[in-house]
>>> print(open('work.cif').read())   # mmCIF, C-alpha atoms and all ligand atoms
data_entry
loop_
_atom_site.label_atom_id
_atom_site.label_comp_id
_atom_site.auth_asym_id
_atom_site.auth_seq_id
_atom_site.Cartn_x
_atom_site.Cartn_y
_atom_site.Cartn_z
CA MET D 1 157.69 94.56 43.05
CA SER D 2 156.14 93.01 39.97
CA ASN D 3 157.96 95.40 37.66
CA VAL D 4 161.22 93.99 38.99
CA ALA D 5 160.30 90.35 39.13
CA LEU D 6 158.19 89.84 36.05
CA THR D 7 159.30 91.93 33.11
CA ASN D 8 162.37 92.16 30.97
CA GLU D 9 162.34 95.93 31.19
CA PRO D 10 164.95 97.57 33.43
CA PRO D 11 163.67 97.35 36.98
CA GLN D 12 162.34 100.38 38.76
CA LEU D 13 165.23 100.92 41.10
CA SER D 14 163.01 102.72 43.54
CA SER D 15 162.07 99.14 44.42
CA VAL D 16 165.55 98.28 45.55
CA ASP D 17 164.35 98.26 49.13
CA ASP D 18 163.49 94.69 48.25
CA PRO D 19 166.94 93.53 47.18
CA ALA D 20 165.89 89.91 46.86
CA ALA D 21 163.52 90.74 43.98
CA LEU D 22 166.03 93.03 42.31
CA ILE D 23 168.81 90.47 42.58
CA GLU D 24 166.50 87.80 41.16
CA TRP D 25 165.57 90.06 38.23
CA LEU D 26 169.20 90.91 37.51
CA ARG D 27 170.29 87.30 37.71
CA ARG D 28 167.53 86.01 35.43
CA THR D 29 167.88 88.81 32.88
CA SER D 30 171.66 88.44 32.73
CA ALA D 31 171.30 84.71 32.12
CA GLU D 32 168.49 84.95 29.54
CA THR D 33 169.32 88.18 27.68
CA PRO D 34 172.80 89.37 28.62
CA VAL D 35 172.75 92.09 25.94
CA VAL D 36 169.51 93.66 24.68
CA TYR D 37 169.34 96.27 21.91
CA ASP D 38 166.05 98.11 21.44
CA GLU D 39 165.79 99.79 18.03
CA LYS D 40 162.93 102.01 19.13
CA THR D 41 164.79 103.66 21.99
CA GLN D 42 168.24 103.06 20.42
CA LEU D 43 169.39 101.85 23.81
CA CYS D 44 171.51 98.80 24.45
CA GLN D 45 171.29 97.24 27.93
CA VAL D 46 174.38 95.28 28.99
CA PHE D 47 174.21 92.92 31.97
CA ARG D 48 177.24 90.58 31.95
CA HIS D 49 180.45 91.40 33.83
CA ALA D 50 182.74 90.56 30.88
CA ASP D 51 180.70 92.66 28.41
CA ILE D 52 180.59 95.61 30.81
CA MET D 53 184.37 95.40 31.25
CA SER D 54 184.97 95.36 27.51
CA VAL D 55 182.66 98.34 26.86
CA ALA D 56 184.21 100.32 29.73
CA GLY D 57 187.68 99.40 28.45
CA ASP D 58 187.09 100.80 24.93
CA TRP D 59 186.52 104.54 25.30
CA ALA D 60 187.07 105.18 21.58
CA THR D 61 184.03 103.08 20.59
CA PHE D 62 182.02 103.78 23.73
CA SER D 63 182.31 107.46 24.51
CA SER D 64 181.40 109.16 27.79
CA ASP D 65 180.94 112.53 26.11
CA ASP D 66 177.20 113.13 26.37
CA ARG D 67 177.46 116.91 26.51
CA HIS D 68 175.68 117.40 23.16
CA LEU D 69 172.67 115.54 24.59
CA VAL D 70 172.06 117.81 27.58
CA PRO D 71 169.92 120.93 27.13
CA GLN D 72 172.05 123.61 25.49
CA ASN D 73 171.51 126.28 28.13
CA GLU D 74 174.07 128.14 30.21
CA GLY D 75 173.44 126.13 33.40
CA PHE D 76 174.06 122.74 31.79
CA ARG D 77 176.91 124.00 29.57
CA VAL D 78 179.03 125.30 32.44
CA PHE D 79 178.13 122.41 34.72
CA THR D 80 179.29 119.79 32.23
CA LYS D 81 182.34 121.58 30.78
CA GLY D 82 184.97 120.34 33.25
CA ASN D 83 183.06 117.23 34.30
CA LEU D 84 185.58 114.40 33.97
CA ALA D 85 182.89 111.77 33.84
CA SER D 86 181.55 113.33 30.60
CA LEU D 87 184.92 113.75 28.89
CA ASP D 88 186.93 111.48 26.60
CA PRO D 89 190.72 111.52 26.17
CA PRO D 90 192.81 113.54 25.73
CA ARG D 91 191.01 116.19 27.86
CA HIS D 92 189.80 113.55 30.30
CA ARG D 93 193.35 112.35 31.00
CA GLN D 94 194.74 115.87 31.27
CA LEU D 95 192.18 116.93 33.86
CA LYS D 96 192.23 113.67 35.81
CA ASN D 97 196.03 113.85 36.08
CA LEU D 98 195.69 117.22 37.82
CA VAL D 99 193.98 115.66 40.83
CA THR D 100 195.04 112.00 41.04
CA LYS D 101 197.91 112.92 43.37
CA VAL D 102 195.39 114.01 46.01
CA PHE D 103 193.66 110.63 45.92
CA THR D 104 196.60 108.20 46.00
CA PRO D 105 196.48 105.53 48.76
CA ARG D 106 199.33 107.22 50.64
CA VAL D 107 197.70 110.66 50.68
CA VAL D 108 194.26 109.26 51.47
CA ALA D 109 195.64 107.22 54.40
CA LYS D 110 196.85 110.47 55.99
CA LEU D 111 193.26 111.72 56.13
CA GLU D 112 192.18 108.97 58.53
CA PRO D 113 192.72 110.92 61.80
CA ARG D 114 190.70 113.86 60.47
CA VAL D 115 187.88 111.60 59.23
CA GLN D 116 187.85 109.95 62.68
CA GLU D 117 187.62 113.35 64.33
CA LEU D 118 184.68 114.36 62.13
CA VAL D 119 182.86 111.08 62.81
CA ASP D 120 183.43 111.35 66.58
CA ASP D 121 182.20 114.92 66.52
CA GLN D 122 178.97 113.98 64.70
CA LEU D 123 178.34 111.07 67.08
CA ASN D 124 178.95 113.28 70.12
CA HIS D 125 175.98 115.36 68.98
CA PHE D 126 173.59 112.40 69.00
CA ASP D 127 170.80 113.08 71.42
CA GLY D 128 168.63 110.22 72.75
CA ASP D 129 168.51 106.57 71.75
CA GLU D 130 166.84 106.96 68.36
CA VAL D 131 168.38 108.88 65.47
CA ASP D 132 168.16 109.19 61.71
CA LEU D 133 171.64 108.10 60.66
CA VAL D 134 171.34 109.82 57.27
CA SER D 135 170.87 113.35 58.60
CA GLY D 136 173.01 112.66 61.68
CA LEU D 137 176.00 110.94 60.12
CA THR D 138 176.01 109.42 56.64
CA ASN D 139 175.07 112.64 54.85
CA PRO D 140 177.32 115.10 56.74
CA ILE D 141 180.53 113.02 56.85
CA PRO D 142 181.27 112.66 53.11
CA ALA D 143 180.18 116.27 52.53
CA LEU D 144 182.47 117.57 55.28
CA VAL D 145 185.42 115.50 54.04
CA ILE D 146 185.18 116.50 50.37
CA ALA D 147 184.35 120.12 51.23
CA GLU D 148 187.50 120.32 53.38
CA LEU D 149 189.61 118.84 50.59
CA LEU D 150 188.17 121.33 48.11
CA GLY D 151 188.47 124.24 50.54
CA ILE D 152 184.78 125.16 50.79
CA PRO D 153 184.09 127.17 53.97
CA VAL D 154 182.04 125.53 56.72
CA ASP D 155 179.22 128.07 56.47
CA ASP D 156 178.60 127.29 52.79
CA ARG D 157 178.53 123.51 53.10
CA GLU D 158 174.92 123.11 54.10
CA GLN D 159 173.65 125.00 51.07
CA PHE D 160 175.93 122.97 48.83
CA GLN D 161 174.76 119.70 50.34
CA HIS D 162 171.16 120.71 49.89
CA TRP D 163 171.70 121.35 46.17
CA ALA D 164 173.50 118.03 45.76
CA PHE D 165 170.65 115.94 47.11
CA GLU D 166 167.99 118.09 45.49
CA MET D 167 169.74 117.48 42.20
CA VAL D 168 170.13 113.72 42.39
CA GLY D 169 166.65 113.28 43.86
CA ILE D 170 164.98 115.25 41.06
CA GLY D 171 163.03 113.23 38.56
CA GLY D 172 162.93 110.08 40.62
CA GLU D 173 159.26 110.26 41.39
CA VAL D 174 157.97 111.67 38.11
CA ASP D 175 157.02 109.95 34.87
CA VAL D 176 159.67 111.28 32.49
CA THR D 177 157.77 109.91 29.48
CA ASP D 178 155.23 112.65 30.21
CA PRO D 179 156.62 115.68 28.26
CA ASP D 180 155.34 118.24 30.79
CA ALA D 181 156.91 116.36 33.69
CA ALA D 182 160.18 115.90 31.78
CA GLU D 183 160.26 119.62 30.97
CA LYS D 184 159.76 120.48 34.64
CA VAL D 185 162.62 118.13 35.62
CA LEU D 186 164.94 119.85 33.14
CA ALA D 187 163.85 123.30 34.32
CA ASP D 188 164.50 122.32 37.95
CA LEU D 189 167.91 120.87 37.05
CA SER D 190 168.85 123.98 35.07
CA ARG D 191 167.90 126.20 38.01
CA ILE D 192 170.01 124.19 40.47
CA MET D 193 172.95 124.04 38.06
CA THR D 194 172.82 127.80 37.52
CA GLU D 195 172.83 128.36 41.30
CA MET D 196 175.64 125.86 41.83
CA ASN D 197 177.69 127.34 38.99
CA ALA D 198 177.39 130.82 40.54
CA PHE D 199 178.47 129.36 43.87
CA ALA D 200 181.50 127.67 42.25
CA PHE D 201 182.50 130.90 40.40
CA ASP D 202 182.37 132.76 43.71
CA GLN D 203 184.57 130.12 45.39
CA ILE D 204 187.06 130.26 42.50
CA ALA D 205 187.32 134.07 42.79
CA ARG D 206 187.89 133.83 46.56
CA HIS D 207 190.57 131.14 46.15
CA ARG D 208 192.30 133.15 43.46
CA ALA D 209 192.36 136.18 45.78
CA HIS D 210 193.44 134.15 48.83
CA PRO D 211 195.26 130.96 47.76
CA ARG D 212 195.27 128.09 50.27
CA ASP D 213 196.45 124.51 50.42
CA ASP D 214 193.34 122.91 48.94
CA LEU D 215 191.96 121.42 45.74
CA ILE D 216 190.22 124.54 44.42
CA THR D 217 193.48 126.51 44.73
CA SER D 218 195.39 123.73 42.90
CA LEU D 219 192.85 123.81 40.08
CA VAL D 220 193.04 127.62 39.88
CA ASP D 221 196.85 127.38 39.63
CA ALA D 222 196.95 124.27 37.40
CA GLU D 223 198.30 124.35 33.87
CA VAL D 224 197.83 121.84 31.07
CA ASP D 225 200.43 122.25 28.29
CA GLY D 226 201.21 125.73 29.60
CA MET D 227 197.51 126.77 29.60
CA ARG D 228 195.46 127.57 32.70
CA LEU D 229 192.00 126.00 33.00
CA ASP D 230 189.24 128.52 32.40
CA ASP D 231 186.81 129.31 35.20
CA GLU D 232 183.97 127.39 33.60
CA GLU D 233 186.09 124.27 33.41
CA ILE D 234 187.22 124.66 37.02
CA ALA D 235 183.61 125.19 38.12
CA GLY D 236 182.42 121.99 36.41
CA PHE D 237 185.34 120.08 37.89
CA VAL D 238 184.73 121.37 41.43
CA LEU D 239 181.02 120.58 41.23
CA LEU D 240 181.69 117.06 39.95
CA LEU D 241 184.17 116.41 42.76
CA PHE D 242 181.70 117.63 45.33
CA LEU D 243 178.73 115.69 43.94
CA ALA D 244 180.62 112.48 43.17
CA GLY D 245 182.50 112.62 46.46
CA HIS D 246 179.42 113.18 48.53
CA VAL D 247 176.19 111.61 47.30
CA THR D 248 177.60 108.18 46.42
CA THR D 249 179.39 107.77 49.72
CA THR D 250 176.34 108.84 51.72
CA LEU D 251 174.24 106.23 49.93
CA THR D 252 176.88 103.53 50.43
CA LEU D 253 177.20 104.19 54.17
CA GLY D 254 173.42 103.81 54.56
CA SER D 255 173.35 100.66 52.42
CA LEU D 256 176.21 99.20 54.47
CA LEU D 257 174.12 99.37 57.62
CA LEU D 258 171.12 97.92 55.80
CA CYS D 259 173.15 95.04 54.37
CA LEU D 260 174.43 94.15 57.84
CA ASP D 261 170.90 94.40 59.21
CA ASP D 262 169.69 92.04 56.46
CA ASN D 263 172.52 89.58 57.16
CA PRO D 264 172.79 89.00 60.91
CA THR D 265 175.42 86.26 60.57
CA ALA D 266 177.69 88.58 58.62
CA ALA D 267 176.98 91.37 61.13
CA THR D 268 178.03 89.14 64.03
CA ALA D 269 181.18 88.10 62.17
CA VAL D 270 182.11 91.75 61.55
CA ARG D 271 181.46 92.72 65.18
CA THR D 272 183.63 89.86 66.41
CA ASN D 273 186.38 90.43 63.89
CA PRO D 274 186.78 94.05 62.68
CA ASP D 275 189.28 92.83 60.07
CA LEU D 276 186.15 91.83 58.12
CA ILE D 277 184.96 95.46 57.89
CA PRO D 278 186.60 96.03 54.46
CA GLY D 279 184.94 92.82 53.21
CA ALA D 280 181.54 94.11 54.37
CA ILE D 281 182.13 97.39 52.52
CA GLU D 282 183.07 95.60 49.28
CA GLU D 283 180.04 93.29 49.53
CA THR D 284 177.78 96.32 50.02
CA MET D 285 179.30 97.94 46.93
CA ARG D 286 178.70 94.69 45.06
CA GLN D 287 175.14 94.06 46.18
CA ARG D 288 173.89 97.65 46.36
CA PRO D 289 176.07 99.90 44.21
CA PRO D 290 174.70 103.44 44.71
CA PHE D 291 174.98 104.05 40.96
CA PRO D 292 173.51 100.81 39.56
CA THR D 293 174.19 101.88 35.99
CA SER D 294 176.71 103.80 33.96
CA LYS D 295 176.13 105.14 30.43
CA ARG D 296 178.10 105.36 27.20
CA LEU D 297 177.48 106.46 23.58
CA VAL D 298 178.45 104.35 20.55
CA THR D 299 180.79 106.20 18.17
CA ARG D 300 180.84 103.62 15.31
CA ASP D 301 178.84 100.54 14.29
CA THR D 302 179.96 97.74 16.57
CA GLU D 303 178.75 94.74 18.55
CA ILE D 304 178.50 93.90 22.22
CA GLY D 305 178.50 90.24 23.23
CA GLY D 306 177.64 89.33 19.62
CA VAL D 307 174.69 91.78 19.40
CA PRO D 308 175.08 94.44 16.66
CA VAL D 309 174.81 97.99 17.99
CA PRO D 310 174.77 100.97 15.59
CA GLU D 311 176.69 104.24 15.83
CA GLY D 312 174.74 106.80 17.86
CA ALA D 313 173.12 104.25 20.18
CA GLY D 314 173.22 104.69 23.94
CA VAL D 315 174.61 101.92 26.14
CA VAL D 316 173.41 101.25 29.68
CA LEU D 317 176.01 99.30 31.64
CA TRP D 318 174.22 97.47 34.46
CA LEU D 319 177.00 97.55 37.07
CA ALA D 320 174.55 96.08 39.58
CA ALA D 321 173.90 93.11 37.26
CA GLY D 322 177.59 92.50 36.53
CA ASN D 323 178.03 92.37 40.30
CA HIS D 324 175.81 89.28 40.40
CA ASP D 325 177.34 87.48 37.42
CA PRO D 326 177.83 83.82 38.46
CA ASP D 327 180.75 83.51 36.01
CA VAL D 328 182.65 85.93 38.24
CA PHE D 329 181.14 85.59 41.72
CA ASP D 330 180.50 82.28 43.48
CA ASP D 331 177.06 82.23 45.01
CA PRO D 332 176.43 85.88 44.04
CA GLY D 333 173.24 86.20 46.10
CA THR D 334 175.11 85.63 49.35
CA PHE D 335 176.45 88.63 51.30
CA ASP D 336 179.85 87.11 51.99
CA VAL D 337 182.16 89.41 53.97
CA ALA D 338 185.03 86.94 53.53
CA ARG D 339 184.72 86.78 49.71
CA SER D 340 188.28 86.45 48.50
CA ARG D 341 188.19 87.98 45.00
CA ASN D 342 185.64 90.73 44.88
CA SER D 343 186.03 92.39 41.49
CA HIS D 344 182.72 94.24 41.73
CA LEU D 345 181.89 97.11 39.39
CA GLY D 346 180.53 99.49 42.02
CA PHE D 347 183.31 101.99 41.31
CA GLY D 348 183.05 101.55 37.54
CA ALA D 349 185.84 100.27 35.27
CA GLY D 350 188.25 101.47 32.59
CA ILE D 351 189.59 105.00 32.36
CA HIS D 352 186.62 106.43 34.27
CA PHE D 353 187.23 104.19 37.29
CA CYS D 354 186.26 106.18 40.37
CA LEU D 355 188.84 108.73 41.43
CA GLY D 356 187.67 108.66 45.04
CA ALA D 357 187.38 104.89 45.62
CA GLY D 358 190.15 104.91 48.25
CA LEU D 359 188.64 107.89 50.04
CA ALA D 360 185.14 106.35 50.04
CA ARG D 361 186.53 103.09 51.44
CA LEU D 362 188.38 104.98 54.18
CA GLU D 363 185.25 106.91 55.19
CA ALA D 364 183.16 103.72 55.25
CA ARG D 365 185.77 101.91 57.35
CA VAL D 366 185.99 104.68 59.94
CA VAL D 367 182.22 105.13 60.13
CA LEU D 368 181.43 101.42 60.56
CA ARG D 369 184.27 100.76 62.99
CA THR D 370 183.24 103.70 65.17
CA LEU D 371 179.53 102.82 65.14
CA LEU D 372 180.27 99.21 66.10
CA ASP D 373 182.60 100.34 68.92
CA ARG D 374 180.28 102.93 70.38
CA PHE D 375 176.91 101.28 69.79
CA PRO D 376 177.30 97.50 69.87
CA ASP D 377 173.50 97.04 70.05
CA LEU D 378 172.64 99.39 67.17
CA ARG D 379 169.52 98.18 65.26
CA VAL D 380 167.82 99.58 62.17
CA ASP D 381 164.14 100.45 62.60
CA ARG D 382 163.38 98.64 59.36
CA PRO D 383 159.71 99.49 58.67
CA GLU D 384 160.50 103.21 58.91
CA VAL D 385 163.42 103.24 56.43
CA ARG D 386 162.78 105.37 53.31
CA PHE D 387 164.62 105.12 49.99
CA TYR D 388 165.27 107.55 47.13
CA GLY D 389 162.46 107.00 44.66
CA SER D 390 164.93 107.46 41.83
CA THR D 391 165.87 105.29 38.88
CA SER D 392 169.51 106.29 39.03
CA ILE D 393 170.58 106.13 42.68
CA VAL D 394 170.17 103.44 45.30
CA GLY D 395 170.28 103.95 49.04
CA PRO D 396 168.28 105.15 52.02
CA LYS D 397 167.30 108.78 52.48
CA TYR D 398 165.90 108.15 55.97
CA LEU D 399 167.55 105.53 58.16
CA PRO D 400 166.20 105.49 61.70
CA VAL D 401 168.17 103.37 64.18
CA ARG D 402 168.01 102.51 67.87
CA LEU D 403 171.43 103.07 69.33
CA ARG D 404 171.00 101.18 72.60
C1 LIG B 501 181.08 104.67 47.63
C2 LIG B 501 181.27 105.82 47.04
C3 LIG B 501 181.45 105.99 45.55
C4 LIG B 501 180.92 105.28 44.51
C5 LIG B 501 179.98 104.10 44.58
C6 LIG B 501 181.41 105.87 43.29
C7 LIG B 501 181.11 105.39 42.03
C8 LIG B 501 181.67 105.85 40.88
C9 LIG B 501 181.48 105.27 39.56
C10 LIG B 501 180.60 104.06 39.25
C11 LIG B 501 182.20 105.99 38.68
C12 LIG B 501 182.37 105.72 37.19
C13 LIG B 501 181.40 106.47 36.33
C14 LIG B 501 181.50 106.06 34.87
O1 LIG B 501 182.03 105.02 34.54
O2 LIG B 501 180.99 106.81 34.04
C15 LIG B 501 182.84 107.06 39.44
C16 LIG B 501 183.62 108.04 38.88
C17 LIG B 501 184.10 109.10 39.61
N1 LIG B 501 184.10 109.26 40.98
FE1 LIG B 501 183.27 108.03 42.31
N2 LIG B 501 182.21 106.93 43.61
C18 LIG B 501 182.27 107.03 44.98
C19 LIG B 501 182.98 107.95 45.72
C20 LIG B 501 183.71 108.98 45.19
C21 LIG B 501 184.44 109.97 45.94
C22 LIG B 501 184.58 110.00 47.48
C23 LIG B 501 184.97 110.83 45.06
C24 LIG B 501 185.80 112.01 45.47
C25 LIG B 501 186.59 112.65 44.78
C26 LIG B 501 184.58 110.39 43.72
C27 LIG B 501 184.92 110.99 42.53
C28 LIG B 501 184.70 110.45 41.28
C29 LIG B 501 185.13 111.10 40.04
C30 LIG B 501 185.83 112.44 39.93
C31 LIG B 501 184.75 110.25 39.00
C32 LIG B 501 184.97 110.48 37.50
C33 LIG B 501 186.24 109.76 37.14
C34 LIG B 501 186.50 109.77 35.66
O3 LIG B 501 185.62 110.08 34.86
O4 LIG B 501 187.65 109.46 35.31
N3 LIG B 501 183.83 109.26 43.84
N4 LIG B 501 182.53 106.94 40.78
#
>>> encode(input="work.cif", output="structure tokens")
Amino acid sequence: MSNVALTNEPPQLSSVDDPAALIEWLRRTSAETPVVYDEKTQLCQVFRHADIMSVAGDWATFSSDDRHLVPQNEGFRVFTKGNLASLDPPRHRQLKNLVTKVFTPRVVAKLEPRVQELVDDQLNHFDGDEVDLVSGLTNPIPALVIAELLGIPVDDREQFQHWAFEMVGIGGEVDVTDPDAAEKVLADLSRIMTEMNAFAFDQIARHRAHPRDDLITSLVDAEVDGMRLDDEEIAGFVLLLFLAGHVTTTLTLGSLLLCLDDNPTAATAVRTNPDLIPGAIEETMRQRPPFPTSKRLVTRDTEIGGVPVPEGAGVVLWLAAGNHDPDVFDDPGTFDVARSRNSHLGFGAGIHFCLGAGLARLEARVVLRTLLDRFPDLRVDRPEVRFYGSTSIVGPKYLPVRLR
């Protein structure tokens, strides 16, 4: 843990299985050096809630378009073409508008019975008193939900899920400052992207031939200013929706159970009063956001929190640090399920605010409510829990629990 507790370098997030040390590092760094610009790496680290909000709110100065920085091969090019998260306006707005109607609170609320059915079905397959909740529940549920919305057939989902986790897990355990290791990471990513792109093209062709009431069909039929999206753009969009809708929610569901296990008083309160379930979800998103950072690129000389930052620099927004800013959150280290104003940054901010926040919250609510109902004595087998050894995602990859 010393890398988290003792240095002013960004913490190794693989160490987030010790949240106390991470929270301490974030709190101290935010207080001592809320904005740090390093000329050598041309990276600016931003820790304070207010600074993160102002960067995220100014897309013209802080662009999300990093497509020129990824390797210029076919796999990356197609994968990033329709990826909302890497687009600036006006294309960002045009594409986002095509799908926001599917994720409004009213439409999402209608999905609750189906999500409940999927959760019940997974739990009915539990065999014995000890299970890994990641493979048994928290990984399949978000994948099933987003795959159904997209219209991906059941038989193809497992392969798709496998790619998703292979992709986000890549690079976590290697030293990317070693050029050979970095090259291998890029080669692995390119291979997965090429395979996923081919899969998406195949799905697009099938949906075009046999239109259905699902998201892929709406993207195939969609027009922006009288122009259809091209297949590469649809493929990138579909892959983003699947990845963003799946991996993050899986990690959050696992972290939710860990947060309750770490905070027995909160867990008892939630068991006694299920109205506190949404508060527990928001506190998990605040204390353990699955994406602890978000990135931007500086388009003109500017400053952040009084620190000059030149055009061309990269900006790392420490969402996880902003979530512990004492100017915004009373007693930020406490997991408080009754916190009244929880303006955490776990879903991002500004125009790129998460499209699926309502859906993720619904899934988390149904999963936690059902687990608490069916297994009131559920306990995490803490020493056996394993985390993603990655610097970009936080959450358990193996979460063994005793059900009874
Ligand atoms: C707990 C689960 C989730 C978390 C923590 C999460 C987190 C985030 C964050 C932090 C961003 C902003 C990225 C940035 O600023 O660059 C984002 C964007 C996005 N999320 Fe989520 N997300 C979750 C679930 C979902 C789900 C279920 C979907 C399903 C559709 C989804 C789709 C998206 C999309 C499409 C974007 C890009 C939006 C844009 O660029 O305008 N997310 N998410």
>>> closest_atom_pairs(input="work.cif", of="chain D", to="ligand LIG 501 (chain B)", cutoff="7 Å", atoms="only C-alpha atoms and all ligand atoms", output="CSV")
residue,atom,partner,partner_atom,distance
D:Ser64,CA,B:LIG501,O2,6.7
D:Leu84,CA,B:LIG501,O3,4.4
D:Ala85,CA,B:LIG501,O3,3.4
D:Ser86,CA,B:LIG501,O3,6.7
D:His92,CA,B:LIG501,O4,6.8
D:Lys96,CA,B:LIG501,O4,6.2
D:Ile146,CA,B:LIG501,C24,6.7
D:Leu240,CA,B:LIG501,C30,6.2
D:Leu241,CA,B:LIG501,C25,4.9
D:Phe242,CA,B:LIG501,C24,7.0
D:Ala244,CA,B:LIG501,C26,4.5
D:Gly245,CA,B:LIG501,C21,3.3
D:His246,CA,B:LIG501,C22,6.2
D:Thr248,CA,B:LIG501,C2,4.4
D:Thr249,CA,B:LIG501,C2,3.8
D:Thr252,CA,B:LIG501,C1,5.2
D:Met285,CA,B:LIG501,C5,6.6
D:Pro289,CA,B:LIG501,C5,5.8
D:Pro290,CA,B:LIG501,C5,5.3
D:Phe291,CA,B:LIG501,C10,5.9
D:Ser294,CA,B:LIG501,O2,5.2
D:Lys295,CA,B:LIG501,O2,6.3
D:Gly346,CA,B:LIG501,C5,5.3
D:Phe347,CA,B:LIG501,C10,4.0
D:Gly348,CA,B:LIG501,C10,3.9
D:Ala349,CA,B:LIG501,O1,6.1
D:Ile351,CA,B:LIG501,O4,5.7
D:His352,CA,B:LIG501,O4,3.4
D:Phe353,CA,B:LIG501,C12,5.1
D:Cys354,CA,B:LIG501,C16,3.6
D:Leu355,CA,B:LIG501,C28,4.5
D:Gly356,CA,B:LIG501,C23,3.5
D:Ala357,CA,B:LIG501,C19,5.4
D:Leu359,CA,B:LIG501,C22,5.2
D:Ala360,CA,B:LIG501,C22,4.5
D:Arg361,CA,B:LIG501,C1,6.8
>>> atom_distance(input="work.cif", atom1="atom CA of Leu87 of chain D", atom2="atom CA of Asp66 of chain D")
8.1 Å
>>> atom_distance(input="work.cif", atom1="atom CA of Val315 of chain D", atom2="atom CA of Arg28 of chain D")
19.7 Å
>>> axis_aligned_box(input="work.cif", around="segment 248-260 of chain D", padding_each_side="8 Å", output="JSON")
{"center_x": 175.3, "center_y": 101.5, "center_z": 52.1, "size_x": 24.3, "size_y": 30.7, "size_z": 27.4}
>>> atom_distance(input="work.cif", atom1="atom CA of Ala50 of chain D", atom2="atom CA of Ile281 of chain D")
22.7 Å
>>> closest_residue(input="work.cif", among="D:Ala321, D:Val307, D:Val220, D:Ala313", to="Arg286 of chain D", atoms="only C-alpha atoms")
D:Ala321
>>> closest_residue(input="work.cif", among="D:Glu311, D:Glu112, D:Glu195, D:Glu39", to="Ala364 of chain D", atoms="only C-alpha atoms")
D:Glu112
>>> closest_residue(input="work.cif", among="D:Gly305, D:Pro332, D:Pro89, D:Pro400", to="Leu258 of chain D", atoms="all atoms listed in the file")
D:Pro400
>>> closest_residue(input="work.cif", among="D:Pro278, D:Pro90, D:Pro105, D:Gly314", to="Gln45 of chain D", atoms="all atoms listed in the file")
D:Gly314
>>> residues_around(input="work.cif", residues="His162 of chain D", least_positions_apart="5", cutoff="12 Å", atoms="only C-alpha atoms", output="list in words")
Ser135, Asn139, Pro140, Ala143, Asp156, Arg157, Met167, Val168, Gly169, Ile192, Glu195, Met196, Phe242, Leu243, His246 and Val247 of chain D
>>> residues_around(input="work.cif", residues="Ala56 of chain D", least_positions_apart="2", cutoff="6 Å", atoms="only C-alpha atoms", output="PyMOL selection string")
chain D and resi 53-54+58+349-350
>>> write_last_selection(input="work.cif", atoms="C-alpha atoms", output="PDB file, in the coordinates of the input")
ATOM      1  CA  MET D  53     184.370  95.400  31.250  1.00  0.00           C
ATOM      2  CA  SER D  54     184.970  95.360  27.510  1.00  0.00           C
ATOM      3  CA  ASP D  58     187.090 100.800  24.930  1.00  0.00           C
ATOM      4  CA  ALA D 349     185.840 100.270  35.270  1.00  0.00           C
ATOM      5  CA  GLY D 350     188.250 101.470  32.590  1.00  0.00           C
TER       6      GLY D 350
END
>>> closest_residue(input="work.cif", among="D:Arg77, D:Asp155, D:Val70, D:Trp318", to="Ser392 of chain D", atoms="all atoms listed in the file")
D:Trp318
